$ cat data.cif   # mmCIF, C-alpha atoms
data_coords
loop_
_atom_site.label_atom_id
_atom_site.label_comp_id
_atom_site.auth_asym_id
_atom_site.auth_seq_id
_atom_site.Cartn_x
_atom_site.Cartn_y
_atom_site.Cartn_z
CA LEU A 27 196.26 -122.32 36.42
CA GLU A 28 197.29 -118.73 37.09
CA LEU A 29 198.74 -119.74 40.48
CA LEU A 30 200.66 -122.69 38.99
CA LEU A 31 202.28 -120.74 36.13
CA PRO A 32 205.32 -119.56 38.15
CA PHE A 33 206.39 -123.24 38.61
CA VAL A 34 206.59 -123.98 34.85
CA ASP A 35 210.21 -122.89 34.35
CA ALA A 36 212.37 -125.76 35.66
CA SER A 37 215.68 -123.92 35.11
CA ASP A 38 214.64 -121.04 37.38
CA ASP A 39 216.89 -120.97 40.49
CA ILE A 40 214.78 -118.51 42.50
CA GLU A 41 212.65 -120.25 45.13
CA PRO A 42 209.06 -118.98 44.51
CA THR A 43 208.15 -118.71 48.21
CA TYR A 44 205.30 -116.21 47.74
CA GLU A 45 203.84 -118.38 44.96
CA ILE A 46 204.14 -121.58 47.05
CA ARG A 47 202.27 -119.87 49.89
CA ALA A 48 199.58 -118.70 47.45
CA VAL A 49 199.06 -122.26 46.10
CA ILE A 50 198.87 -123.77 49.60
CA ALA A 51 196.42 -121.04 50.68
CA ALA A 52 194.26 -121.63 47.57
CA VAL A 53 194.20 -125.43 48.13
CA GLY A 54 193.38 -124.96 51.82
CA ARG A 55 190.65 -122.48 51.05
CA GLY A 56 189.24 -124.82 48.42
CA LEU A 57 189.09 -127.74 50.91
CA VAL A 58 187.42 -125.64 53.61
CA GLY A 59 185.32 -123.65 51.14
CA GLY A 60 183.85 -126.83 49.69
CA ARG A 61 181.68 -127.02 52.82
CA SER A 62 181.13 -123.27 53.34
CA PHE A 63 178.11 -121.42 51.96
CA THR A 64 179.61 -117.97 52.68
CA GLN A 65 182.80 -118.96 50.80
CA LEU A 66 180.70 -120.05 47.81
CA MET A 67 178.86 -116.71 47.86
CA ALA A 68 182.11 -114.73 48.17
CA ASP A 69 183.74 -116.61 45.26
CA THR A 70 180.63 -116.22 43.10
CA MET A 71 180.47 -112.46 43.80
CA ARG A 72 184.17 -112.13 42.99
CA LEU A 73 183.78 -113.95 39.67
CA LEU A 74 180.73 -111.83 38.83
CA ALA A 75 182.60 -108.62 39.69
CA ARG A 76 185.53 -109.46 37.43
CA PRO A 77 183.79 -109.32 33.99
CA VAL A 78 181.80 -106.25 35.04
CA LEU A 79 185.04 -104.44 35.89
CA GLU A 80 186.80 -105.71 32.76
CA ARG A 81 184.16 -104.10 30.56
CA ALA A 82 183.76 -100.85 32.51
CA GLY A 83 187.55 -100.26 32.44
CA PRO A 84 187.74 -98.15 29.26
CA THR A 85 184.77 -96.06 30.47
CA GLY A 86 186.40 -95.47 33.86
CA ALA A 87 189.68 -94.38 32.28
CA HIS A 88 187.96 -91.32 30.78
CA TYR A 89 187.19 -90.04 34.26
CA VAL A 90 190.85 -89.85 35.33
CA ALA A 91 192.50 -86.57 34.30
CA PRO A 92 196.09 -86.46 35.54
CA ALA A 93 197.62 -83.64 33.44
CA ARG A 94 196.92 -79.93 33.86
CA SER A 95 195.38 -79.48 30.41
CA GLU A 96 193.01 -82.41 31.04
CA HIS A 97 192.30 -81.07 34.55
CA PHE A 98 190.85 -77.85 33.13
CA MET A 99 189.02 -79.73 30.37
CA MET A 100 187.40 -81.85 33.10
CA MET A 101 186.37 -78.68 34.95
CA THR A 102 184.89 -77.16 31.78
CA SER A 103 182.88 -80.29 30.91
CA ALA A 104 181.71 -80.40 34.55
CA MET A 105 180.45 -76.82 34.21
CA GLY A 106 178.25 -77.97 31.33
CA GLY A 107 177.01 -80.77 33.59
CA GLY A 108 176.24 -78.23 36.32
CA VAL A 109 174.12 -76.06 33.97
CA LEU A 110 172.17 -79.14 32.83
CA THR A 111 171.66 -80.26 36.44
CA LEU A 112 169.87 -76.98 37.18
CA GLY A 113 167.30 -77.97 34.52
CA THR A 114 166.96 -81.33 36.33
CA ALA A 115 166.36 -79.58 39.69
CA VAL A 116 163.74 -77.23 38.18
CA LEU A 117 161.88 -80.10 36.47
CA LYS A 118 162.02 -82.12 39.71
CA PHE A 119 160.25 -79.27 41.57
CA LEU A 120 157.61 -79.13 38.81
CA VAL A 121 157.01 -82.91 39.10
CA LYS A 122 156.70 -82.61 42.90
CA TRP A 123 154.17 -79.77 42.58
CA GLY A 124 152.08 -81.90 40.20
CA GLU A 125 151.16 -84.11 43.24
CA PHE A 126 150.91 -87.22 41.09
CA SER A 127 150.32 -90.72 42.41
CA PRO A 128 153.55 -92.27 43.83
CA PHE A 129 154.12 -94.50 40.79
CA LEU A 130 153.57 -91.67 38.29
CA ASP A 131 155.74 -89.36 40.42
CA GLY A 132 158.54 -91.99 40.31
CA LEU A 133 158.11 -92.55 36.59
CA LEU A 134 158.24 -88.84 35.70
CA SER A 135 161.18 -88.26 38.06
CA SER A 136 163.00 -91.21 36.45
CA VAL A 137 162.48 -89.66 33.00
CA VAL A 138 163.77 -86.29 34.30
CA TYR A 139 166.88 -87.76 35.98
CA ALA A 140 167.75 -90.40 33.38
CA GLY A 141 167.02 -88.02 30.48
CA SER A 142 169.30 -85.36 31.94
CA PHE A 143 172.14 -87.87 32.59
CA VAL A 144 171.86 -89.31 29.05
CA ILE A 145 171.85 -85.82 27.45
CA MET A 146 174.87 -84.95 29.63
CA GLN A 147 176.68 -88.04 28.37
CA LEU A 148 175.86 -87.39 24.69
CA LEU A 149 177.04 -83.77 24.95
CA GLY A 150 180.28 -84.88 26.60
CA PHE A 151 179.55 -83.15 29.92
CA THR A 152 180.60 -84.56 33.30
CA LEU A 153 178.63 -85.25 36.46
CA ALA A 154 181.13 -85.37 39.31
CA THR A 155 179.47 -88.08 41.39
CA LYS A 156 179.33 -90.58 38.52
CA GLN A 157 183.13 -90.67 38.45
CA PRO A 158 184.24 -92.55 41.58
CA SER A 159 182.30 -95.72 40.88
CA MET A 160 183.31 -95.85 37.20
CA THR A 161 187.00 -95.40 38.00
CA ALA A 162 187.06 -98.60 40.05
CA ALA A 163 187.56 -100.48 36.82
CA ALA A 164 190.68 -98.45 36.07
CA LEU A 165 191.91 -99.33 39.57
CA ALA A 166 191.26 -103.02 38.95
CA GLY A 167 193.24 -102.79 35.71
CA THR A 168 196.21 -101.35 37.59
CA ILE A 169 196.09 -104.21 40.11
CA ARG A 170 195.74 -106.78 37.32
CA ASN A 171 198.93 -105.70 35.58
CA ARG A 172 201.01 -106.81 38.56
CA SER A 173 200.94 -109.71 40.99
CA GLY A 174 202.66 -110.54 44.24
CA PRO A 175 203.66 -108.19 47.07
CA GLY A 176 203.83 -104.49 46.20
CA ARG A 177 201.19 -104.69 43.50
CA LEU A 178 199.21 -101.95 45.24
CA ASP A 179 202.12 -99.45 45.04
CA GLU A 180 200.83 -97.99 41.76
CA LEU A 181 197.37 -97.54 43.27
CA VAL A 182 198.38 -94.67 45.57
CA PRO A 183 199.30 -92.18 42.78
CA LEU A 184 196.24 -93.35 40.80
CA ILE A 185 193.98 -92.65 43.81
CA ALA A 186 195.54 -89.17 44.08
CA ARG A 187 194.79 -88.61 40.36
CA ILE A 188 191.19 -89.77 40.80
CA ALA A 189 190.78 -87.52 43.88
CA ARG A 190 191.92 -84.42 41.98
CA SER A 191 189.70 -85.34 39.01
CA GLN A 192 186.75 -85.58 41.43
CA PHE A 193 187.69 -82.25 42.96
CA ALA A 194 187.90 -80.53 39.54
CA ALA A 195 184.56 -81.99 38.45
CA ALA A 196 182.87 -81.08 41.75
CA ILE A 197 184.13 -77.46 41.55
CA GLY A 198 182.93 -77.25 37.92
CA ASN A 199 179.51 -78.75 38.71
CA VAL A 200 178.84 -76.69 41.84
CA SER A 201 180.08 -73.30 40.52
CA ALA A 202 178.11 -73.67 37.27
CA VAL A 203 174.89 -74.78 38.97
CA ILE A 204 175.06 -71.80 41.39
CA VAL A 205 175.54 -69.24 38.57
CA ALA A 206 172.87 -70.92 36.38
CA ALA A 207 170.35 -71.03 39.29
CA LEU A 208 170.84 -67.33 40.12
CA LEU A 209 170.49 -66.36 36.45
CA PHE A 210 167.41 -68.58 35.97
CA ASP A 211 165.66 -67.17 39.05
CA PHE A 212 166.45 -63.60 37.97
CA LEU A 213 165.00 -64.18 34.48
CA TYR A 214 161.98 -66.03 35.93
CA ALA A 215 161.26 -63.21 38.38
CA THR A 216 161.64 -60.61 35.59
CA ALA A 217 159.19 -62.50 33.38
CA THR A 218 156.55 -63.47 35.98
CA GLY A 219 156.99 -60.89 38.75
CA HIS A 220 157.79 -63.49 41.45
CA SER A 221 160.58 -65.96 42.23
CA PHE A 222 160.51 -69.59 41.12
CA LEU A 223 160.06 -71.00 44.66
CA ASP A 224 157.66 -69.67 47.27
CA GLU A 225 158.83 -68.83 50.79
CA ALA A 226 157.50 -72.00 52.47
CA THR A 227 159.17 -74.32 49.91
CA SER A 228 162.45 -72.37 50.22
CA ILE A 229 162.54 -72.64 54.03
CA LYS A 230 161.65 -76.34 53.92
CA THR A 231 164.33 -77.03 51.28
CA VAL A 232 167.07 -75.23 53.25
CA LYS A 233 166.12 -77.05 56.48
CA SER A 234 166.32 -80.41 54.69
CA PHE A 235 170.10 -79.90 54.15
CA ASP A 236 170.92 -79.43 57.85
CA PRO A 237 173.78 -81.88 58.62
CA ASN A 238 172.63 -82.35 62.24
CA PRO A 239 171.33 -85.98 62.36
CA PHE A 240 168.70 -84.93 64.96
CA HIS A 241 167.24 -82.28 62.61
CA SER A 242 167.33 -84.08 59.24
CA GLY A 243 168.55 -87.29 57.65
CA THR A 244 171.11 -85.51 55.41
CA ILE A 245 174.09 -87.65 56.50
CA PHE A 246 172.20 -90.93 56.02
CA TYR A 247 170.70 -89.78 52.69
CA GLY A 248 174.15 -88.69 51.41
CA PHE A 249 175.51 -92.11 52.35
CA LEU A 250 172.57 -93.87 50.66
CA THR A 251 173.09 -91.82 47.48
CA GLY A 252 176.75 -92.93 47.49
CA VAL A 253 175.57 -96.56 47.53
CA ILE A 254 173.13 -95.83 44.67
CA LEU A 255 175.91 -94.20 42.62
CA TRP A 256 178.08 -97.29 43.11
CA THR A 257 175.20 -99.64 42.22
CA SER A 258 174.62 -97.71 38.98
CA SER A 259 178.26 -98.42 37.97
CA LEU A 260 177.56 -102.16 38.37
CA PHE A 261 174.53 -101.75 36.09
CA ALA A 262 176.75 -99.89 33.62
CA GLY A 263 179.23 -102.78 33.53
CA TRP A 264 176.45 -105.36 33.34
CA PHE A 265 174.68 -103.61 30.46
CA GLU A 266 177.90 -103.20 28.48
CA ASN A 267 178.64 -106.90 29.08
CA TRP A 268 175.16 -107.78 27.86
CA VAL A 269 175.58 -105.69 24.68
CA VAL A 270 178.97 -107.29 23.94
CA TYR A 271 177.85 -110.82 24.82
CA ARG A 272 174.73 -110.57 22.63
CA ARG A 273 176.98 -109.07 19.91
CA LEU A 274 174.61 -106.17 19.26
CA PRO A 275 177.21 -104.01 17.43
CA GLU A 276 177.89 -106.90 14.96
CA ALA A 277 174.16 -107.47 14.55
CA ILE A 278 173.67 -103.78 13.70
CA ARG A 279 176.62 -103.79 11.27
CA HIS A 280 175.26 -106.78 9.31
CA HIS A 281 171.56 -105.87 9.50
CA ARG A 282 169.58 -105.88 6.25
CA TRP A 283 168.77 -102.18 6.74
CA GLY A 284 172.35 -101.57 5.57
CA LYS A 285 171.11 -101.94 1.97
CA ARG A 286 168.61 -99.11 2.49
CA VAL A 287 170.47 -96.63 4.72
CA GLY A 288 174.04 -97.43 3.69
CA GLN A 289 176.75 -99.55 5.30
CA ALA A 290 178.74 -96.53 6.56
CA ARG A 291 175.76 -95.34 8.62
CA MET A 292 175.19 -98.82 10.09
CA ASP A 293 178.88 -98.95 11.08
CA ARG A 294 178.53 -95.57 12.82
CA TRP A 295 175.47 -96.77 14.75
CA ALA A 296 177.28 -99.95 15.78
CA GLN A 297 180.28 -97.94 17.02
CA PHE A 298 177.96 -95.55 18.85
CA ILE A 299 176.25 -98.43 20.72
CA GLU A 300 179.62 -100.00 21.55
CA ARG A 301 181.05 -96.74 22.89
CA GLN A 302 178.00 -95.50 24.81
CA ALA A 303 176.57 -98.77 26.21
CA ALA A 304 178.16 -98.45 29.67
CA GLY A 305 177.15 -94.78 29.91
CA PHE A 306 173.52 -95.51 28.96
CA GLY A 307 173.33 -98.40 31.45
CA GLY A 308 174.75 -96.25 34.25
CA SER A 309 172.71 -93.12 33.46
CA VAL A 310 169.33 -94.83 33.14
CA SER A 311 169.81 -97.07 36.21
CA LEU A 312 171.02 -94.08 38.29
CA GLY A 313 168.00 -92.02 37.21
CA VAL A 314 165.52 -94.79 38.03
CA MET A 315 167.09 -95.50 41.44
CA LEU A 316 167.27 -91.81 42.47
CA ALA A 317 163.57 -91.45 41.57
CA PHE A 318 162.20 -94.69 43.02
CA VAL A 319 164.22 -95.14 46.25
CA PRO A 320 162.20 -92.43 48.15
CA ILE A 321 158.94 -93.88 46.77
CA MET A 322 159.90 -97.45 47.78
CA GLY A 323 160.73 -96.01 51.21
CA LYS A 324 157.25 -94.53 51.48
CA PHE A 325 155.74 -97.84 50.35
CA PHE A 326 157.50 -99.71 53.18
CA GLY A 327 157.08 -96.86 55.69
CA LEU A 328 160.83 -96.07 55.73
CA PRO A 329 162.06 -92.45 55.73
CA LEU A 330 164.28 -92.80 52.63
CA ASP A 331 165.42 -89.93 50.45
CA VAL A 332 168.37 -89.08 48.18
CA ARG A 333 170.85 -86.20 48.48
CA HIS A 334 173.02 -85.52 45.46
CA ILE A 335 175.64 -82.73 45.74
CA THR A 336 174.96 -80.95 42.41
CA LEU A 337 171.14 -81.25 42.59
CA SER A 338 171.18 -80.18 46.25
CA THR A 339 173.36 -77.13 45.44
CA GLY A 340 170.92 -76.14 42.68
CA SER A 341 167.93 -76.47 45.05
CA LEU A 342 169.70 -74.49 47.82
CA THR A 343 170.66 -71.67 45.40
CA LEU A 344 167.08 -71.44 44.05
CA SER A 345 165.73 -71.33 47.63
CA THR A 346 168.22 -68.61 48.69
CA SER A 347 167.55 -66.58 45.54
CA SER A 348 163.77 -66.89 46.02
CA ALA A 349 163.44 -66.17 49.75
CA GLY A 350 166.66 -64.27 50.56
CA ILE A 351 169.06 -64.99 53.42
CA GLU A 352 167.16 -62.56 55.75
CA THR A 353 164.01 -64.73 55.54
CA LEU A 354 165.87 -68.04 55.75
CA GLY A 355 168.15 -66.93 58.60
CA THR A 356 171.96 -66.82 58.40
CA GLY A 357 172.39 -69.82 60.75
CA PRO A 358 170.18 -72.27 58.77
CA PHE A 359 171.81 -71.09 55.50
CA ILE A 360 175.37 -71.70 56.79
CA TRP A 361 174.36 -75.11 58.16
CA ALA A 362 172.79 -75.98 54.80
CA CYS A 363 176.11 -75.10 53.07
CA VAL A 364 177.97 -77.35 55.54
CA GLY A 365 175.36 -80.06 54.86
CA ILE A 366 176.03 -79.85 51.12
CA ALA A 367 179.80 -80.23 51.69
CA VAL A 368 179.03 -83.33 53.82
CA ILE A 369 176.73 -84.68 51.07
CA GLY A 370 179.54 -84.24 48.53
CA LEU A 371 182.09 -86.06 50.69
CA LEU A 372 179.66 -88.93 51.32
CA ASN A 373 178.60 -89.20 47.65
CA PHE A 374 182.26 -89.47 46.57
CA GLY A 375 183.66 -91.34 49.55
CA VAL A 376 181.05 -94.09 49.81
CA SER A 377 180.80 -94.85 46.08
CA PHE A 378 184.60 -94.82 45.66
CA THR A 379 185.24 -97.02 48.73
CA LEU A 380 182.67 -99.61 47.61
CA ALA A 381 184.10 -99.58 44.08
CA LEU A 382 187.65 -100.02 45.40
CA ILE A 383 186.59 -102.94 47.64
CA VAL A 384 184.97 -104.67 44.65
CA ALA A 385 188.08 -104.04 42.51
CA LEU A 386 190.36 -105.55 45.20
CA ARG A 387 188.01 -108.51 45.71
CA ALA A 388 187.74 -109.17 41.97
CA ARG A 389 191.54 -109.25 41.75
CA ASP A 390 192.02 -111.66 44.69
CA VAL A 391 194.10 -109.21 46.71
CA PRO A 392 194.64 -110.72 50.19
CA SER A 393 193.03 -108.85 53.09
CA SER A 394 196.45 -108.20 54.67
CA GLU A 395 197.45 -106.18 51.58
CA GLN A 396 194.04 -104.47 51.41
CA THR A 397 194.37 -103.12 54.97
CA SER A 398 197.75 -101.51 54.20
CA LEU A 399 196.28 -99.36 51.38
CA PRO A 400 194.48 -96.65 53.48
CA GLY A 401 197.71 -96.03 55.45
CA ALA A 402 199.72 -95.66 52.23
CA VAL A 403 197.17 -93.18 50.80
CA PHE A 404 197.14 -91.20 54.07
CA ARG A 405 200.97 -91.01 54.14
CA ARG A 406 200.95 -89.73 50.55
CA PHE A 407 198.33 -87.13 51.53
CA LEU A 408 200.46 -85.90 54.47
CA ARG A 409 203.59 -85.77 52.29
CA ARG A 410 202.04 -84.17 49.18
CA PRO A 411 198.49 -82.99 50.00
CA TRP A 412 198.33 -80.67 46.97
CA ASP A 413 198.51 -83.74 44.62
CA PHE A 414 194.97 -84.66 45.70
CA PHE A 415 193.55 -81.32 44.50
CA TYR A 416 195.70 -80.07 41.62
CA PRO A 417 198.01 -81.85 39.12
CA PRO A 418 201.77 -81.41 39.72
CA LYS A 419 203.89 -80.06 36.84
CA ASP A 420 205.27 -83.48 35.95
CA ALA A 421 201.83 -85.09 35.50
CA LYS A 422 201.62 -86.71 32.07
CA PRO A 423 198.45 -86.81 29.92
CA VAL A 424 196.80 -90.22 30.07
CA GLU A 425 196.23 -92.34 27.01
CA HIS A 426 192.47 -92.95 26.86
CA GLY A 427 191.73 -96.30 25.39
CA HIS A 428 191.06 -99.94 26.16
CA HIS A 429 193.39 -100.59 29.07
#
$ encode --input "data.cif" --output "C-alpha cells"
Amino acid sequence: LELLLPFVDASDDIEPTYEIRAVIAAVGRGLVGGRSFTQLMADTMRLLARPVLERAGPTGAHYVAPARSEHFMMMTSAMGGGVLTLGTAVLKFLVKWGEFSPFLDGLLSSVVYAGSFVIMQLLGFTLATKQPSMTAAALAGTIRNRSGPGRLDELVPLIARIARSQFAAAIGNVSAVIVAALLFDFLYATATGHSFLDEATSIKTVKSFDPNPFHSGTIFYGFLTGVILWTSSLFAGWFENWVVYRRLPEAIRHHRWGKRVGQARMDRWAQFIERQAAGFGGSVSLGVMLAFVPIMGKFFGLPLDVRHITLSTGSLTLSTSSAGIETLGTGPFIWACVGIAVIGLLNFGVSFTLALIVALRARDVPSSEQTSLPGAVFRRFLRRPWDFFYPPKDAKPVEHGHH
C-alpha cells in the first residue's frame, strides 16, 4: 500500500519513475521470495525490527546532545555514571574473590551489573556504551520521515551528533572513574593499611588489557561486548513493546489500589513505568549478559569474556594505584592504556554499526543506498572533523520527545 500511494493522484504530470521501479522490484522480490527461505527470514526479521525501533525511538533521542549546553550536561551526567561504575568494578572483584559456584557467581555478578545500571538510570546518569545501540531508533526515525533517493542525507549530520555525544559521555565516564578509583584506593589504604588489590591480581588485570591478540583476547572481547550492548538495546525495545502491548500503564492507573493510595499516586506510577520501561529492559538484560557470557563460555569450553571501557578503566586504575607503575612495568601499563582505547572504539563501533544496519533494514533502504552511507560520513569527517568531537556554534538544542 505504501508503494502504491504515489500513483493515487491522477492529475499529477510527473512520471514517478523511482516509484515504478520500487513497485516492480517489490513484485519481483515477492514472486522469487515466495520460494526462498532466506527471503522469508529476512522479511520476518525486518518486520520484527520495525516495532522494536518504533518504541525505542523516544529513549534513543535522549542520548543525542547536539548543542553545547547539552554537550556539557551529557558530560556531567556521564561523570556520575563513571563514579557509580567504580562501585560496580569493586563489587565485581569482591564477587570474584568469593569463589562461588559458576551459577552463583553469574547470579551475583548479574545483580551487581544490572543493579548499578538501573540505579544509574534512575539517578539520570549516563553510561557511554549504552548510547550507540539506543540511538539507532532515532536514526530509523530520520530515515522514516523521508522516502526515495537522498533520504540518507540527513543521517550524516545526525551520525556526527551521535559521535560527539558518545565522545562527551566517554570522556565523562573515563575521567570520573579514574579520579574515583584513585580516591577510593587512597581511602581504603588509609583505613586498612594496604591497597584494595594485591600485587598478583594487579599484574594479572593489567596484562588482560594487552591489545596484542597473541597475548590476550582483548580485541575479540571488546567486539563481543559491542554485540552484547547492541543485543541489550533489542531487549529494551522488546520490553517496552511488551509493556505497551499488555497496557500495563493503563492497568496500573485503573487498579483498585487507587482507592487506598490515591489516584494521583497511581498515575505517577503508571507514568514512571511508561517512561522507564525501555531503560529497565536494557539495563537488566545488559547486566545479565555481561555476567553470564563468560560463564556460558566456561560451560562450553570457550574462552569468552567481556571488556567494557568504563569498567576496564576502573580496574586498570585500581591495579595501577595498588601495585604502582614500577611493579607493573611501564611497557605493560602503556599497552593496557592502548588496549582500553581499542576496547572503547570496539564497544561503540560494533554496537552502533549493528544498530544502524538494523535501522536501515527495518526501513527497507536498498543496499545500493546503504553502501553509499560510509563514504558520505567519511567525506564529512575529512571536511569537518571537529564536528564529530565538539558541537559547532550553530548547533541547535534538540527537542526531546516522541519523535
$ closest_residue --input "data.cif" --among "A:Thr257, A:Thr339, A:Ser347, A:Thr218" --to "Gly307 (chain A)" --atoms "all atoms listed in the file"
A:Thr257
$ atom_distance --input "data.cif" --atom1 "CA of Glu352 (chain A)" --atom2 "CA of Lys233 (chain A)"
14.5 Å
$ atom_distance --input "data.cif" --atom1 "CA of Phe326 (chain A)" --atom2 "CA of Pro128 (chain A)"
12.6 Å
$ residues_near_point --input "data.cif" --point "(194.4, -92.5, 42.9)" --cutoff "10 Å" --atoms "only C-alpha atoms" --output "ChimeraX atom specification"
/A:90,92,161-162,164-165,180-191,403,413-414
$ residues_around --input "data.cif" --residues "Leu110 (chain A)" --least-positions-apart "4" --cutoff "7 Å" --atoms "all atoms listed in the file" --output "JSON list (two decimals) with C-alpha atoms, keeping the file's coordinate frame"
[["chain", "number", "residue", "atom", "x", "y", "z"],
["A", 106, "GLY", "CA", 178.25, -77.97, 31.33],
["A", 114, "THR", "CA", 166.96, -81.33, 36.33],
["A", 142, "SER", "CA", 169.30, -85.36, 31.94]]
$ closest_residue --input "data.cif" --among "A:Gly401, A:Asp39, A:Arg94, A:Thr102" --to "Pro418 (chain A)" --atoms "only C-alpha atoms"
A:Arg94
$ closest_residue --input "data.cif" --among "A:Tyr247, A:Phe119, A:Phe98, A:Phe143" --to "Gly198 (chain A)" --atoms "all atoms listed in the file"
A:Phe98
$ residues_around --input "data.cif" --residues "Val232 (chain A)" --least-positions-apart "5" --cutoff "8 Å" --atoms "only C-alpha atoms" --output "NGL selection string"
:A and (342 or 345 or 354 or 358-359 or 362)
$ residues_around --input "data.cif" --residues "region 43-50 of chain A" --least-positions-apart "4" --cutoff "12 Å" --atoms "only C-alpha atoms" --output "list of chain:residue names"
A:Leu27, A:Glu28, A:Leu29, A:Leu30, A:Leu31, A:Pro32, A:Phe33, A:Val34, A:Asp39, A:Gly54, A:Arg55, A:Gly56, A:Leu57, A:Ser173, A:Gly174, A:Pro175, A:Gly176, A:Asp390, A:Val391, A:Pro392
$ resolve_selection --input "data.cif" --expression "the PyMOL selection byres ((chain A and resi 265) around 10)" --output "ChimeraX atom specification"
/A:78,81-82,259-264,266-271,303-308,311
$ atom_distance --input "data.cif" --atom1 "CA of Ser341 (chain A)" --atom2 "CA of Tyr416 (chain A)"
28.2 Å
$ resolve_selection --input "data.cif" --expression "the PyMOL selection byres ((chain A and resi 388) around 9)" --output "list in words"
Met71, Arg72, Leu73, Leu74, Ala75, Arg76, Pro77, Leu79, Ala166, Ile383, Val384, Ala385, Leu386, Arg387, Arg389, Asp390 and Val391 of chain A
$ resolve_selection --input "data.cif" --expression "the PyMOL selection byres ((chain A and resi 221-225) around 10)" --output "list in words"
Val116, Phe119, Phe210, Asp211, Phe212, Leu213, Tyr214, Ala215, Thr216, Ala217, Thr218, Gly219, His220, Ala226, Thr227, Ser228, Ile229, Lys230, Thr231, Ser341, Leu344, Ser345, Thr346, Ser347, Ser348, Ala349, Gly350, Thr353 and Leu354 of chain A
$ axis_aligned_box --input "data.cif" --around "region 255-262 of chain A" --padding-each-side "6 Å" --output "lines of an AutoDock Vina configuration file"
center_x = 176.4
center_y = -98.2
center_z = 38.4
size_x = 15.7
size_y = 20.0
size_z = 21.5
$ residues_around --input "data.cif" --residues "His334 (chain A)" --least-positions-apart "6" --cutoff "7 Å" --atoms "only C-alpha atoms" --output "MDAnalysis selection string"
chainID A and resid 248 251 369
